[in-house]
$ cat input-v3.txt   # compact mmCIF, C-alpha atoms
# COMPACT_ATOMS: atom_id res chain seq x y z
CA MET A 19 -5.17 5.90 -22.08
CA LEU A 20 -6.20 6.63 -25.69
CA PRO A 21 -6.29 4.87 -28.07
CA THR A 22 -6.45 1.61 -26.09
CA LEU A 23 -9.33 2.81 -23.91
CA ASN A 24 -11.89 5.54 -24.61
CA LEU A 25 -12.06 8.72 -22.57
CA THR A 26 -15.08 7.54 -20.59
CA GLY A 27 -17.66 4.82 -20.63
CA ASP A 28 -15.50 1.75 -21.14
CA VAL A 29 -16.26 -1.20 -18.88
CA VAL A 30 -13.40 -3.61 -18.40
CA LEU A 31 -12.77 -6.83 -16.51
CA ALA A 32 -9.92 -6.80 -14.03
CA GLU A 33 -8.59 -9.67 -11.99
CA HIS A 34 -7.06 -9.24 -8.56
CA VAL A 35 -5.01 -12.43 -8.38
CA SER A 36 -1.99 -11.84 -10.64
CA HIS A 37 -0.43 -9.02 -8.68
CA ARG A 38 -0.52 -11.05 -5.46
CA ILE A 39 1.44 -13.91 -7.04
CA GLY A 40 3.88 -11.61 -8.80
CA LYS A 41 2.60 -12.27 -12.33
CA VAL A 42 2.45 -8.62 -13.40
CA GLY A 43 5.03 -7.78 -16.05
CA ARG A 44 5.99 -5.37 -18.79
CA GLY A 45 3.18 -4.42 -21.14
CA ASP A 46 0.36 -5.29 -18.74
CA LEU A 47 -2.57 -2.95 -18.24
CA VAL A 48 -2.95 -2.49 -14.49
CA LEU A 49 -5.14 -0.74 -11.95
CA VAL A 50 -2.98 1.26 -9.53
CA ARG A 51 -3.83 3.41 -6.56
CA SER A 52 -2.75 6.97 -7.29
CA PRO A 53 0.29 8.03 -5.22
CA VAL A 54 -1.14 11.55 -5.16
CA ASP A 55 -4.65 10.63 -3.97
CA PRO A 56 -5.11 7.17 -2.41
CA ARG A 57 -8.86 7.26 -3.06
CA ARG A 58 -8.36 7.28 -6.85
CA ILE A 59 -7.53 4.25 -8.94
CA LEU A 60 -5.73 4.80 -12.25
CA THR A 61 -5.51 2.53 -15.29
CA LYS A 62 -2.00 2.57 -16.78
CA ARG A 63 0.44 0.26 -18.52
CA VAL A 64 3.52 -1.24 -16.86
CA VAL A 65 6.49 -0.18 -18.96
CA GLY A 66 9.36 -1.10 -16.65
CA MET A 67 9.91 -3.54 -13.77
CA GLU A 68 12.47 -3.29 -10.94
CA GLY A 69 16.02 -3.07 -12.20
CA ASP A 70 15.02 -1.81 -15.66
CA THR A 71 16.55 1.34 -17.07
CA VAL A 72 13.84 3.66 -18.34
CA CYS A 73 14.47 6.47 -20.80
CA PHE A 74 11.76 9.09 -21.07
CA TYR A 75 11.25 12.53 -22.55
CA VAL A 76 10.82 15.33 -20.03
CA ASP A 77 10.22 17.73 -22.90
CA PRO A 78 10.65 17.23 -26.67
CA MET A 79 14.34 18.16 -26.51
CA TYR A 80 15.51 16.60 -23.25
CA SER A 81 15.40 12.95 -22.27
CA GLN A 82 16.24 11.46 -18.89
CA THR A 83 17.26 7.96 -17.86
CA THR A 84 16.41 6.39 -14.50
CA VAL A 85 16.75 2.93 -13.02
CA VAL A 86 13.58 1.51 -11.46
CA PRO A 87 14.34 0.71 -7.79
CA LYS A 88 13.68 -2.64 -6.12
CA GLY A 89 10.03 -3.29 -5.40
CA HIS A 90 8.84 -0.56 -7.79
CA VAL A 91 7.35 -0.39 -11.29
CA TRP A 92 7.33 2.28 -13.99
CA ILE A 93 3.89 2.97 -15.40
CA GLN A 94 2.85 5.10 -18.35
CA GLY A 95 -0.41 5.94 -20.02
CA ASP A 96 -0.77 4.95 -23.67
CA ASN A 97 -1.61 8.56 -24.56
CA THR A 98 1.90 9.94 -23.99
CA TYR A 99 0.89 13.55 -24.53
CA ALA A 100 -1.93 13.70 -21.99
CA SER A 101 -1.09 11.23 -19.27
CA SER A 102 -0.01 11.87 -15.72
CA ASP A 103 2.16 8.88 -14.85
CA SER A 104 5.62 7.80 -13.68
CA ARG A 105 7.18 10.53 -15.83
CA HIS A 106 5.65 12.98 -13.34
CA PHE A 107 5.45 11.17 -10.01
CA GLY A 108 8.31 8.69 -10.42
CA PRO A 109 8.37 4.90 -10.07
CA LEU A 110 5.51 3.37 -8.09
CA PRO A 111 5.84 0.78 -5.31
CA TYR A 112 4.50 -2.58 -6.51
CA GLY A 113 2.19 -2.66 -3.47
CA LEU A 114 0.04 0.06 -5.06
CA ILE A 115 -1.05 -2.26 -7.90
CA GLN A 116 -4.65 -3.35 -7.29
CA GLY A 117 -5.32 -5.60 -10.30
CA LYS A 118 -4.68 -6.44 -13.94
CA VAL A 119 -7.08 -5.43 -16.73
CA PHE A 120 -7.45 -8.13 -19.34
CA PHE A 121 -10.82 -7.82 -21.11
CA ARG A 122 -13.18 -5.10 -22.33
CA VAL A 123 -16.92 -5.67 -22.02
CA TRP A 124 -18.36 -2.32 -23.17
CA PRO A 125 -18.74 -0.70 -25.73
CA PRO A 126 -19.77 -3.69 -27.85
CA ASP A 127 -17.50 -2.79 -30.75
CA GLY A 128 -14.56 -2.89 -28.35
CA PHE A 129 -15.53 -6.26 -26.87
CA GLY A 130 -12.53 -8.54 -26.48
CA THR A 131 -9.12 -8.89 -24.94
CA LEU A 132 -6.96 -5.80 -24.68
CA GLU A 133 -3.50 -5.61 -26.26
CA GLN A 134 -0.74 -6.39 -23.80
CA MET B 3 -22.90 -43.87 5.16
CA ALA B 4 -23.92 -41.85 8.21
CA THR B 5 -20.32 -40.95 9.04
CA GLN B 6 -19.67 -39.83 5.45
CA SER B 7 -22.54 -37.33 5.49
CA LEU B 8 -21.45 -36.22 8.99
CA LEU B 9 -17.94 -35.63 7.69
CA TRP B 10 -19.30 -33.75 4.67
CA ASN B 11 -21.45 -31.56 6.92
CA SER B 12 -18.44 -30.73 9.07
CA VAL B 13 -16.36 -29.88 5.99
CA LYS B 14 -19.12 -27.59 4.67
CA LYS B 15 -19.39 -25.77 8.02
CA PHE B 16 -15.61 -25.45 8.21
CA LEU B 17 -15.41 -24.00 4.69
CA ALA B 18 -18.27 -21.58 5.41
CA CYS B 19 -16.60 -20.35 8.62
CA GLY B 20 -13.31 -20.06 6.77
CA LEU B 21 -14.85 -17.91 4.02
CA ILE B 22 -16.65 -15.67 6.51
CA GLY B 23 -13.46 -15.32 8.56
CA LEU B 24 -11.46 -14.46 5.46
CA THR B 25 -13.99 -11.81 4.37
CA ILE B 26 -14.06 -10.19 7.80
CA SER B 27 -10.28 -10.24 8.03
CA ASP B 28 -9.96 -8.72 4.56
CA ARG B 29 -12.57 -5.98 4.83
CA TYR B 30 -13.21 -5.11 8.46
CA ALA B 31 -10.63 -6.15 11.05
CA SER B 32 -8.01 -8.78 11.72
CA ILE B 33 -5.59 -9.80 14.43
CA VAL B 34 -1.91 -9.87 13.52
CA PRO B 35 1.31 -10.65 15.42
CA VAL B 36 3.92 -7.94 15.82
CA ARG B 37 7.45 -9.14 15.02
CA GLY B 38 10.58 -7.29 16.03
CA ALA B 39 11.33 -4.49 18.46
CA SER B 40 11.02 -1.45 16.18
CA MET B 41 7.85 -0.35 18.00
CA SER B 42 9.19 -0.89 21.53
CA PRO B 43 7.89 -0.13 24.14
CA THR B 44 4.43 0.19 22.55
CA PHE B 45 4.63 -3.39 21.22
CA ASN B 46 7.06 -6.15 22.29
CA PRO B 47 8.62 -4.12 25.10
CA GLN B 48 10.98 -6.95 25.99
CA ALA B 49 12.88 -8.84 23.30
CA ARG B 50 11.23 -12.19 24.11
CA ASN B 51 11.10 -14.33 20.99
CA PHE B 52 8.37 -16.69 22.11
CA THR B 53 5.65 -14.22 23.06
CA ASP B 54 4.93 -11.71 20.29
CA ASP B 55 2.27 -9.11 20.89
CA TYR B 56 -0.95 -9.57 18.94
CA VAL B 57 -2.84 -6.47 17.84
CA LEU B 58 -6.22 -5.65 16.33
CA VAL B 59 -6.01 -4.01 12.89
CA GLU B 60 -9.11 -2.24 11.56
CA LYS B 61 -9.70 -1.69 7.86
CA PHE B 62 -12.56 0.84 8.01
CA CYS B 63 -9.99 3.63 7.65
CA LEU B 64 -9.38 2.46 4.07
CA LYS B 65 -12.73 3.84 2.88
CA LYS B 66 -11.61 7.43 3.15
CA TYR B 67 -7.84 7.18 3.79
CA GLU B 68 -8.12 9.79 6.53
CA PHE B 69 -5.43 9.34 9.15
CA SER B 70 -4.31 11.38 12.15
CA HIS B 71 -0.89 12.19 13.50
CA GLY B 72 0.22 9.39 15.78
CA ASP B 73 -1.86 6.60 14.19
CA VAL B 74 -0.11 3.24 14.17
CA VAL B 75 -0.63 1.64 10.75
CA VAL B 76 0.16 -1.57 8.85
CA PHE B 77 1.59 -0.95 5.36
CA CYS B 78 3.24 -2.86 2.51
CA SER B 79 6.97 -2.28 2.33
CA PRO B 80 7.87 -0.03 -0.64
CA SER B 81 10.81 -2.28 -1.49
CA ASN B 82 9.02 -5.63 -1.17
CA HIS B 83 5.25 -5.77 -1.56
CA LYS B 84 5.05 -9.15 0.19
CA GLU B 85 6.33 -7.72 3.49
CA LYS B 86 4.10 -5.78 5.83
CA HIS B 87 5.41 -3.37 8.43
CA ILE B 88 3.83 -1.72 11.47
CA LYS B 89 4.92 1.86 12.22
CA ARG B 90 3.48 5.12 13.47
CA ILE B 91 2.40 7.97 11.18
CA ILE B 92 4.38 11.03 12.27
CA ALA B 93 3.53 13.43 9.45
CA LEU B 94 0.68 13.74 6.94
CA PRO B 95 0.58 15.24 3.40
CA GLY B 96 1.68 18.88 3.40
CA ASP B 97 3.46 18.71 6.77
CA TRP B 98 7.05 19.75 7.28
CA ILE B 99 9.05 17.12 9.18
CA GLY B 100 12.44 17.61 10.82
CA THR B 101 14.89 14.82 10.06
CA SER B 102 18.55 14.38 10.95
CA HIS B 103 20.28 13.34 7.78
CA ASN B 104 24.04 12.72 7.96
CA SER B 105 24.25 14.53 11.31
CA HIS B 106 22.87 17.81 10.01
CA ASP B 107 19.26 18.80 10.51
CA ASP B 108 17.00 18.82 7.50
CA VAL B 109 13.40 19.82 6.95
CA LEU B 110 11.34 17.91 4.43
CA LYS B 111 7.84 18.56 3.08
CA VAL B 112 5.68 15.44 2.92
CA PRO B 113 4.28 15.26 -0.66
CA LYS B 114 0.56 15.09 -1.46
CA GLY B 115 -0.87 11.61 -0.93
CA HIS B 116 2.14 10.44 1.15
CA CYS B 117 2.93 10.10 4.85
CA TRP B 118 6.02 9.85 7.04
CA VAL B 119 6.21 6.75 9.23
CA GLU B 120 8.59 5.99 12.07
CA GLY B 121 9.00 3.24 14.63
CA ASP B 122 8.75 4.18 18.31
CA ASN B 123 12.17 2.59 18.90
CA SER B 124 14.31 4.90 16.74
CA ALA B 125 17.46 2.93 17.43
CA SER B 126 16.29 -0.19 15.63
CA SER B 127 13.63 0.79 13.13
CA MET B 128 13.66 0.72 9.32
CA ASP B 129 11.25 3.49 8.47
CA SER B 130 10.81 6.71 6.51
CA ARG B 131 14.20 7.88 7.71
CA SER B 132 15.66 5.27 5.33
CA PHE B 133 13.06 4.86 2.57
CA GLY B 134 11.43 8.28 2.60
CA PRO B 135 7.72 9.15 2.75
CA ILE B 136 5.39 6.36 1.60
CA PRO B 137 2.21 6.70 -0.50
CA LEU B 138 -0.92 6.42 1.66
CA GLY B 139 -2.15 3.79 -0.82
CA LEU B 140 0.31 1.31 0.71
CA VAL B 141 -1.43 1.48 4.10
CA LYS B 142 -3.47 -1.66 4.71
CA GLY B 143 -5.00 -0.98 8.12
CA ARG B 144 -4.81 0.88 11.42
CA VAL B 145 -3.81 -0.69 14.73
CA THR B 146 -6.34 0.14 17.44
CA HIS B 147 -5.80 -2.30 20.32
CA VAL B 148 -3.32 -4.75 21.78
CA VAL B 149 -5.15 -8.05 22.33
CA TRP B 150 -2.33 -10.30 23.62
CA PRO B 151 -0.69 -10.80 26.14
CA PRO B 152 -3.63 -10.39 28.52
CA GLN B 153 -1.77 -8.12 30.94
CA ARG B 154 -1.17 -5.58 28.17
CA ILE B 155 -4.63 -5.53 26.58
CA GLY B 156 -5.63 -1.94 25.85
CA LEU B 157 -6.02 0.91 23.42
CA VAL B 158 -3.04 2.00 21.33
CA GLU B 159 -2.54 5.70 22.09
CA ARG B 160 -1.95 8.38 19.46
CA VAL B 161 1.32 10.00 20.45
CA PHE B 162 3.92 11.59 18.24
CA PRO B 163 6.89 13.98 18.55
CA GLN B 164 5.03 17.24 18.02
CA GLU B 165 8.21 19.27 18.17
CA ARG B 166 9.44 17.71 14.90
CA VAL B 167 6.30 18.27 12.82
CA SER B 168 4.76 21.50 11.51
CA SER B 169 1.45 21.47 9.74
CA PHE B 170 0.39 24.75 8.22
CA LYS B 171 -3.17 24.31 7.01

$ encode --input "input-v3.txt" --output "structure tokens"
Amino acid sequence: MLPTLNLTGDVVLAEHVSHRIGKVGRGDLVLVRSPVDPRRILTKRVVGMEGDTVCFYVDPMYSQTTVVPKGHVWIQGDNTYASSDSRHFGPLPYGLIQGKVFFRVWPPDGFGTLEQ
Amino acid sequence: MATQSLLWNSVKKFLACGLIGLTISDRYASIVPVRGASMSPTFNPQARNFTDDYVLVEKFCLKKYEFSHGDVVVFCSPSNHKEKHIKRIIALPGDWIGTSHNSHDDVLKVPKGHCWVEGDNSASSMDSRSFGPIPLGLVKGRVTHVVWPPQRIGLVERVFPQERVSSFK
């Protein structure tokens, strides 16, 4: 999730209300349960909502377009080159979203709201 | 004056009980009604609209996400996160499951972190045969007992069609 978040050591505030009332949208930083290991929680950005057409690069020469199915979201890490996200495991059911990240508390020079 | 403080005391007790009840229901166990006949005859064996079965759902399984073949679970629908469904886990990650797709037999490998769920009443059940394997992260609890109606109180057994599942470990 570079450069938005550091590799390790960042402490952020996340709220668990928005995803229950359907207020998660494009550009939000969210906590999602990994579809590959349900015990892990990932921090990624929502790039597409249901019904959106997403165009992504499978490799530098070849791009693919998919439509996000109903009830799903397309998430990507900000560090496109080193992120395992919807480009690898496909669109995620909305029910896997655990919360929305909105504020960074640590390190002190990163204190403040995070770009949406 | 006396009745006002009595009322306030009652409200405080009510709120406290409500909060405790909500915490227990969220983290440990809750009792939910079963709607529909997709899990017949395990739940709602007769299509009687006015007496739904009530079952006990435990949430301790969500610490480790370790499930067994034949567990009945509650999960969020992959197409609508507001809906919750109750189905049985037939296959776990890495298993090969036999499905009948378009009248020819197919074998599918359940991906890592996913499971295959089916209703006991195959004739009227929307399950993995339509929406595919679901991520285990969507599971919200495991059904352990039927608590209503009184004549059907008991443990929910772990049964599953073993002939359709292969797990090579």

$ interface_residues --input "input-v3.txt" --of "chain B" --to "chain A" --cutoff "6 Å" --atoms "all atoms listed in the file" --output "CSV table (one decimal) with C-alpha atoms, keeping the file's coordinate frame"
chain,number,residue,atom,x,y,z
B,80,PRO,CA,7.9,0.0,-0.6
B,81,SER,CA,10.8,-2.3,-1.5
B,82,ASN,CA,9.0,-5.6,-1.2
B,83,HIS,CA,5.2,-5.8,-1.6
B,114,LYS,CA,0.6,15.1,-1.5
B,115,GLY,CA,-0.9,11.6,-0.9
B,137,PRO,CA,2.2,6.7,-0.5
B,138,LEU,CA,-0.9,6.4,1.7
B,139,GLY,CA,-2.2,3.8,-0.8
B,140,LEU,CA,0.3,1.3,0.7

$ axis_aligned_box --input "input-v3.txt" --around "range 111-118 of chain A" --padding-each-side "4 Å" --output "JSON"
{"center_x": 0.3, "center_y": -2.8, "center_z": -8.7, "size_x": 19.2, "size_y": 15.2, "size_z": 18.5}

$ residues_near_point --input "input-v3.txt" --point "(17.4, 5.3, -17.3)" --cutoff "12 Å" --atoms "all atoms listed in the file" --output "compact mmCIF listing (two decimals) with C-alpha atoms, keeping the file's coordinate frame"
# COMPACT_ATOMS: atom_id res chain seq x y z
CA GLY A 66 9.36 -1.10 -16.65
CA GLU A 68 12.47 -3.29 -10.94
CA GLY A 69 16.02 -3.07 -12.20
CA ASP A 70 15.02 -1.81 -15.66
CA THR A 71 16.55 1.34 -17.07
CA VAL A 72 13.84 3.66 -18.34
CA CYS A 73 14.47 6.47 -20.80
CA PHE A 74 11.76 9.09 -21.07
CA TYR A 75 11.25 12.53 -22.55
CA SER A 81 15.40 12.95 -22.27
CA GLN A 82 16.24 11.46 -18.89
CA THR A 83 17.26 7.96 -17.86
CA THR A 84 16.41 6.39 -14.50
CA VAL A 85 16.75 2.93 -13.02
CA VAL A 86 13.58 1.51 -11.46
CA PRO A 87 14.34 0.71 -7.79
CA TRP A 92 7.33 2.28 -13.99
CA ARG A 105 7.18 10.53 -15.83
CA GLY A 108 8.31 8.69 -10.42
CA PRO A 109 8.37 4.90 -10.07

$ residues_around --input "input-v3.txt" --residues "range 57-59 of chain B" --least-positions-apart "2" --cutoff "10 Å" --atoms "all atoms listed in the file" --output "NGL selection string"
:B and (27 or 30-36 or 45 or 54-55 or 61-62 or 74-76 or 142-151 or 155-158)

$ atom_distance --input "input-v3.txt" --atom1 "CA of Ala100 in chain A" --atom2 "CA of Lys118 in chain A"
21.9 Å

$ atom_distance --input "input-v3.txt" --atom1 "CA of Val48 in chain A" --atom2 "CA of Lys111 in chain B"
29.5 Å

$ atom_distance --input "input-v3.txt" --atom1 "CA of Val65 in chain A" --atom2 "CA of Arg44 in chain A"
5.2 Å
